[in-house]
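Structure file upload.json; described as JSON, C-alpha atoms and all ligand atoms.
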[["chain", "number", "residue", "atom", "x", "y", "z"],
["F", 1, "MET", "CA", 155.13, 31.87, -70.29],
["F", 2, "THR", "CA", 158.56, 32.20, -68.67],
["F", 3, "SER", "CA", 160.45, 29.53, -66.79],
["F", 4, "GLU", "CA", 161.71, 30.97, -63.50],
["F", 5, "ARG", "CA", 164.76, 28.74, -63.36],
["F", 6, "LEU", "CA", 165.98, 29.32, -66.86],
["F", 7, "GLY", "CA", 164.59, 32.76, -67.50],
["F", 8, "SER", "CA", 163.61, 31.58, -70.94],
["F", 9, "THR", "CA", 160.42, 31.37, -72.87],
["F", 10, "VAL", "CA", 158.33, 28.30, -73.51],
["F", 11, "THR", "CA", 158.05, 27.77, -77.25],
["F", 12, "ALA", "CA", 154.93, 27.51, -79.32],
["F", 13, "ASP", "CA", 155.67, 23.76, -79.51],
["F", 14, "ALA", "CA", 155.58, 23.60, -75.76],
["F", 15, "ALA", "CA", 152.28, 25.40, -75.72],
["F", 16, "ALA", "CA", 151.07, 22.86, -78.27],
["F", 17, "GLY", "CA", 152.02, 19.92, -76.07],
["F", 18, "ALA", "CA", 155.80, 19.55, -75.82],
["F", 19, "PRO", "CA", 156.29, 20.17, -72.11],
["F", 20, "GLY", "CA", 159.62, 21.48, -71.00],
["F", 21, "ALA", "CA", 160.71, 22.79, -74.37],
["F", 22, "VAL", "CA", 162.59, 26.06, -74.09],
["F", 23, "THR", "CA", 163.78, 28.59, -76.57],
["F", 24, "PRO", "CA", 167.48, 29.32, -76.85],
["F", 25, "GLY", "CA", 168.50, 31.84, -74.28],
["F", 26, "VAL", "CA", 170.63, 32.67, -71.32],
["F", 27, "ALA", "CA", 169.80, 31.26, -67.89],
["F", 28, "ASP", "CA", 169.96, 33.40, -64.77],
["F", 29, "ASP", "CA", 173.41, 32.03, -63.95],
["F", 30, "GLY", "CA", 174.79, 33.06, -67.33],
["F", 31, "PHE", "CA", 174.81, 29.61, -68.89],
["F", 32, "GLU", "CA", 173.50, 29.57, -72.44],
["F", 33, "TYR", "CA", 171.16, 26.98, -73.90],
["F", 34, "ILE", "CA", 172.89, 24.94, -76.62],
["F", 35, "CYS", "CA", 170.50, 22.16, -77.61],
["F", 36, "GLU", "CA", 168.73, 19.08, -76.34],
["F", 37, "LEU", "CA", 171.06, 16.29, -75.22],
["F", 38, "ASP", "CA", 169.67, 13.82, -77.76],
["F", 39, "GLU", "CA", 170.51, 16.26, -80.56],
["F", 40, "LEU", "CA", 174.21, 15.67, -79.90],
["F", 41, "VAL", "CA", 175.37, 12.85, -82.15],
["F", 42, "PRO", "CA", 177.97, 10.86, -80.21],
["F", 43, "ASN", "CA", 181.54, 11.89, -81.08],
["F", 44, "LYS", "CA", 180.39, 14.52, -83.59],
["F", 45, "ILE", "CA", 181.29, 18.08, -82.66],
["F", 46, "ARG", "CA", 178.33, 20.42, -82.96],
["F", 47, "ARG", "CA", 179.16, 24.01, -83.86],
["F", 48, "SER", "CA", 177.44, 26.44, -81.56],
["F", 49, "ALA", "CA", 178.00, 29.81, -79.97],
["F", 50, "VAL", "CA", 178.24, 31.19, -76.46],
["F", 51, "GLY", "CA", 178.89, 34.81, -75.62],
["F", 52, "GLY", "CA", 179.04, 35.53, -79.35],
["F", 53, "ARG", "CA", 181.99, 33.17, -79.77],
["F", 54, "GLU", "CA", 182.02, 29.98, -81.82],
["F", 55, "ILE", "CA", 182.50, 26.81, -79.80],
["F", 56, "GLY", "CA", 182.11, 23.10, -80.40],
["F", 57, "VAL", "CA", 179.97, 20.92, -78.15],
["F", 58, "VAL", "CA", 180.37, 17.17, -78.17],
["F", 59, "ARG", "CA", 179.00, 14.17, -76.32],
["F", 60, "THR", "CA", 181.34, 11.21, -75.90],
["F", 61, "VAL", "CA", 181.53, 8.13, -73.72],
["F", 62, "ALA", "CA", 183.37, 10.34, -71.22],
["F", 63, "GLY", "CA", 180.74, 13.09, -70.96],
["F", 64, "VAL", "CA", 179.67, 16.31, -72.65],
["F", 65, "PHE", "CA", 182.34, 18.88, -73.43],
["F", 66, "ALA", "CA", 182.62, 22.33, -74.97],
["F", 67, "ILE", "CA", 185.77, 23.51, -76.70],
["F", 68, "GLY", "CA", 187.01, 26.58, -78.52],
["F", 69, "SER", "CA", 186.94, 26.49, -82.30],
["F", 70, "SER", "CA", 190.57, 27.38, -82.96],
["F", 71, "CYS", "CA", 193.68, 25.26, -82.58],
["F", 72, "PRO", "CA", 196.52, 26.95, -80.66],
["F", 73, "HIS", "CA", 199.06, 25.58, -83.13],
["F", 74, "GLN", "CA", 198.11, 27.38, -86.35],
["F", 75, "GLY", "CA", 194.42, 28.09, -85.96],
["F", 76, "GLY", "CA", 193.04, 24.83, -87.33],
["F", 77, "PRO", "CA", 189.28, 24.28, -87.13],
["F", 78, "MET", "CA", 188.82, 22.28, -83.93],
["F", 79, "CYS", "CA", 185.09, 21.84, -84.61],
["F", 80, "ASP", "CA", 186.16, 19.60, -87.51],
["F", 81, "GLY", "CA", 188.42, 17.58, -85.22],
["F", 82, "ALA", "CA", 188.06, 13.88, -84.53],
["F", 83, "ILE", "CA", 187.12, 12.54, -81.12],
["F", 84, "LYS", "CA", 189.30, 9.68, -80.03],
["F", 85, "GLY", "CA", 191.51, 8.39, -77.30],
["F", 86, "THR", "CA", 195.25, 8.36, -77.44],
["F", 87, "MET", "CA", 198.26, 6.12, -77.04],
["F", 88, "GLU", "CA", 199.92, 6.24, -73.66],
["F", 89, "PRO", "CA", 203.66, 6.06, -73.12],
["F", 90, "SER", "CA", 204.51, 2.43, -72.82],
["F", 91, "ASP", "CA", 207.27, -0.10, -73.12],
["F", 92, "ARG", "CA", 208.84, -1.07, -76.40],
["F", 93, "ASN", "CA", 206.47, -3.14, -78.57],
["F", 94, "GLU", "CA", 203.63, -2.44, -76.18],
["F", 95, "TYR", "CA", 200.66, -0.32, -77.26],
["F", 96, "VAL", "CA", 198.35, 1.12, -74.64],
["F", 97, "PHE", "CA", 195.23, 2.92, -75.82],
["F", 98, "ALA", "CA", 193.61, 5.15, -73.20],
["F", 99, "GLN", "CA", 191.39, 8.18, -72.64],
["F", 100, "GLU", "CA", 188.72, 7.02, -75.08],
["F", 101, "GLY", "CA", 186.33, 9.90, -75.76],
["F", 102, "GLU", "CA", 188.53, 12.37, -73.89],
["F", 103, "VAL", "CA", 190.73, 13.59, -76.73],
["F", 104, "VAL", "CA", 190.14, 15.74, -79.82],
["F", 105, "THR", "CA", 192.58, 15.68, -82.71],
["F", 106, "CYS", "CA", 193.10, 18.78, -84.83],
["F", 107, "PRO", "CA", 192.36, 18.04, -88.52],
["F", 108, "TRP", "CA", 195.30, 20.10, -89.81],
["F", 109, "HIS", "CA", 198.42, 18.59, -88.22],
["F", 110, "GLY", "CA", 197.09, 16.02, -85.81],
["F", 111, "TYR", "CA", 197.95, 17.51, -82.44],
["F", 112, "GLU", "CA", 195.78, 16.02, -79.72],
["F", 113, "PHE", "CA", 194.09, 17.96, -76.92],
["F", 114, "GLU", "CA", 192.30, 16.84, -73.77],
["F", 115, "LEU", "CA", 188.62, 17.75, -73.89],
["F", 116, "LYS", "CA", 188.51, 18.30, -70.11],
["F", 117, "THR", "CA", 191.48, 20.65, -69.75],
["F", 118, "GLY", "CA", 192.28, 21.82, -73.27],
["F", 119, "ALA", "CA", 195.91, 20.82, -72.73],
["F", 120, "SER", "CA", 197.97, 19.24, -75.42],
["F", 121, "VAL", "CA", 198.30, 15.49, -74.87],
["F", 122, "GLY", "CA", 201.74, 14.73, -73.56],
["F", 123, "GLY", "CA", 202.64, 18.41, -73.57],
["F", 124, "ALA", "CA", 203.40, 18.28, -77.30],
["F", 125, "ILE", "CA", 202.78, 22.04, -77.58],
["F", 126, "LEU", "CA", 202.38, 24.73, -74.95],
["F", 127, "GLY", "CA", 199.10, 26.20, -76.16],
["F", 128, "ARG", "CA", 195.68, 24.93, -75.14],
["F", 129, "ILE", "CA", 192.31, 24.84, -76.80],
["F", 130, "GLY", "CA", 189.60, 26.76, -75.00],
["F", 131, "VAL", "CA", 187.36, 24.69, -72.74],
["F", 132, "TYR", "CA", 184.01, 25.76, -71.32],
["F", 133, "GLN", "CA", 181.87, 24.41, -68.50],
["F", 134, "VAL", "CA", 178.88, 22.37, -69.66],
["F", 135, "ASP", "CA", 175.82, 21.68, -67.54],
["F", 136, "VAL", "CA", 173.15, 19.20, -68.57],
["F", 137, "ARG", "CA", 169.86, 20.30, -67.01],
["F", 138, "GLY", "CA", 167.27, 17.61, -67.49],
["F", 139, "THR", "CA", 167.36, 17.06, -71.24],
["F", 140, "ALA", "CA", 168.90, 20.43, -72.08],
["F", 141, "VAL", "CA", 172.56, 21.20, -72.60],
["F", 142, "PHE", "CA", 173.81, 24.54, -71.31],
["F", 143, "CYS", "CA", 177.26, 26.05, -71.56],
["F", 144, "SER", "CA", 179.05, 28.87, -69.80],
["F", 145, "SER", "CA", 180.49, 31.63, -71.95],
["F", 146, "LYS", "CA", 183.42, 31.92, -69.55],
["F", 147, "ARG", "CA", 186.46, 29.94, -70.54],
["F", 148, "ILE", "CA", 187.78, 27.58, -67.87],
["F", 149, "ARG", "CA", 191.24, 28.71, -66.85],
["F", 150, "PRO", "CA", 193.78, 25.97, -66.24],
["F", 151, "GLN", "CA", 195.16, 25.70, -62.73],
["F", 152, "ARG", "CA", 198.78, 26.64, -62.41],
["F", 153, "ARG", "CA", 201.13, 23.87, -61.52],
["F", 154, "ARG", "CA", 202.81, 24.27, -58.16],
["F", 155, "ALA", "CA", 206.56, 24.05, -57.97],
["F", 156, "GLU", "CA", 207.58, 20.83, -56.27],
["Q", 201, "LIG", "S1", 196.69, 23.87, -86.64],
["Q", 201, "LIG", "FE1", 196.04, 22.33, -85.27],
["Q", 201, "LIG", "S2", 197.67, 20.94, -85.20],
["Q", 201, "LIG", "FE2", 198.35, 22.51, -86.51]]
Could I get this file's structure written as structure tokens?
Ligand code: FES
Amino acid sequence: MTSERLGSTVTADAAAGAPGAVTPGVADDGFEYICELDELVPNKIRRSAVGGREIGVVRTVAGVFAIGSSCPHQGGPMCDGAIKGTMEPSDRNEYVFAQEGEVVTCPWHGYEFELKTGASVGGAILGRIGVYQVDVRGTAVFCSSKRIRPQRRRAE
């Protein structure tokens, strides 16, 4: 049996009584099935693939995100990165923690990147990690294979 919306096939489990279960596949809009939402352990990056490319998918307090697997600094393994927040610029002897669940830290040299934009926190380096659009459809997590391109900054 084929789901019209997703263009994917109901699994044998579904036929045996697990309604709504779908096999991995590509939806009509090009988004690829990653996993069920409850299979994402909070703050643990899950290695996956879209468009034949390795990505990491993670659920945090800030949402569900998909990132490229390679750090723009020296190619560190971003799927092994830690999900955190970061320290904001602040006054002397003042410590302001912010962006909880919105930042991934590369395990090699500790550069931080925003999960939403891929940009380096504070502009520490020019490169970005890849970011991909995620869509949670019911209980299923889908991801686009097209990398989100950052918007250019306008000259002021
Ligand atoms: S390789 Fe990622 S911070 Fe250096």
task: Name the residues, by chain letter and number, that sit within 7 Å of ligand LIG 201 (chain Q) using only C-alpha atoms and all ligand atoms, and give them as a list in words.
output: Cys71, Pro72, His73, Gln74, Gly75, Gly76, Cys106, Pro107, Trp108, His109, Gly110 and Tyr111 of chain F
- request: Do a neighbour search on Glu114 (chain F) at 10 Å with all atoms listed in the file, toss out local chain neighbours closer than 2 positions, and write the hits as a PyMOL selection string.
  value: chain F and resi 67+83-86+99+101-105+112+116-122+128-129+131
Spatial neighbours of Met87 (chain F), max dist 9 Å, only C-alpha atoms, sep filter under 5 positions, as JSON, numbers by chain: {"F": [95, 96, 97, 98, 99]}
message: I want to know what sits within 7 Å of Ile45 (chain F), based on all atoms listed in the file, with residues of the same chain fewer than 3 positions away left out; could you give that as a ChimeraX atom specification?
response: /F:56-58,79
- request: Find the spatial neighbours of Leu37 (chain F), counting all atoms listed in the file, within a cut-off of 10 Å - ignore same-chain residues fewer than 6 positions away - and output them as a PyMOL selection string.
  value: chain F and resi 58-59+64+136-142
Cut-off 9 Å around (171.1, 28.3, -71.2) with all atoms listed in the file: residues as a ChimeraX atom specification: /F:6-8,24-35,135,140-144
message: Show me, as a VMD selection string, the residues that have an atom within 9 Å of Ser145 (chain F) when counting only C-alpha atoms, minus same-chain residues fewer than 4 positions from it.
response: chain F and resid 30 to 32 49 to 53 132 to 133
task: One decimal, Å: what's the distance from CA of Arg149 (chain F) over to CA of Met78 (chain F), could you say?
output: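 Distance between the two atoms: 18.4 Å.
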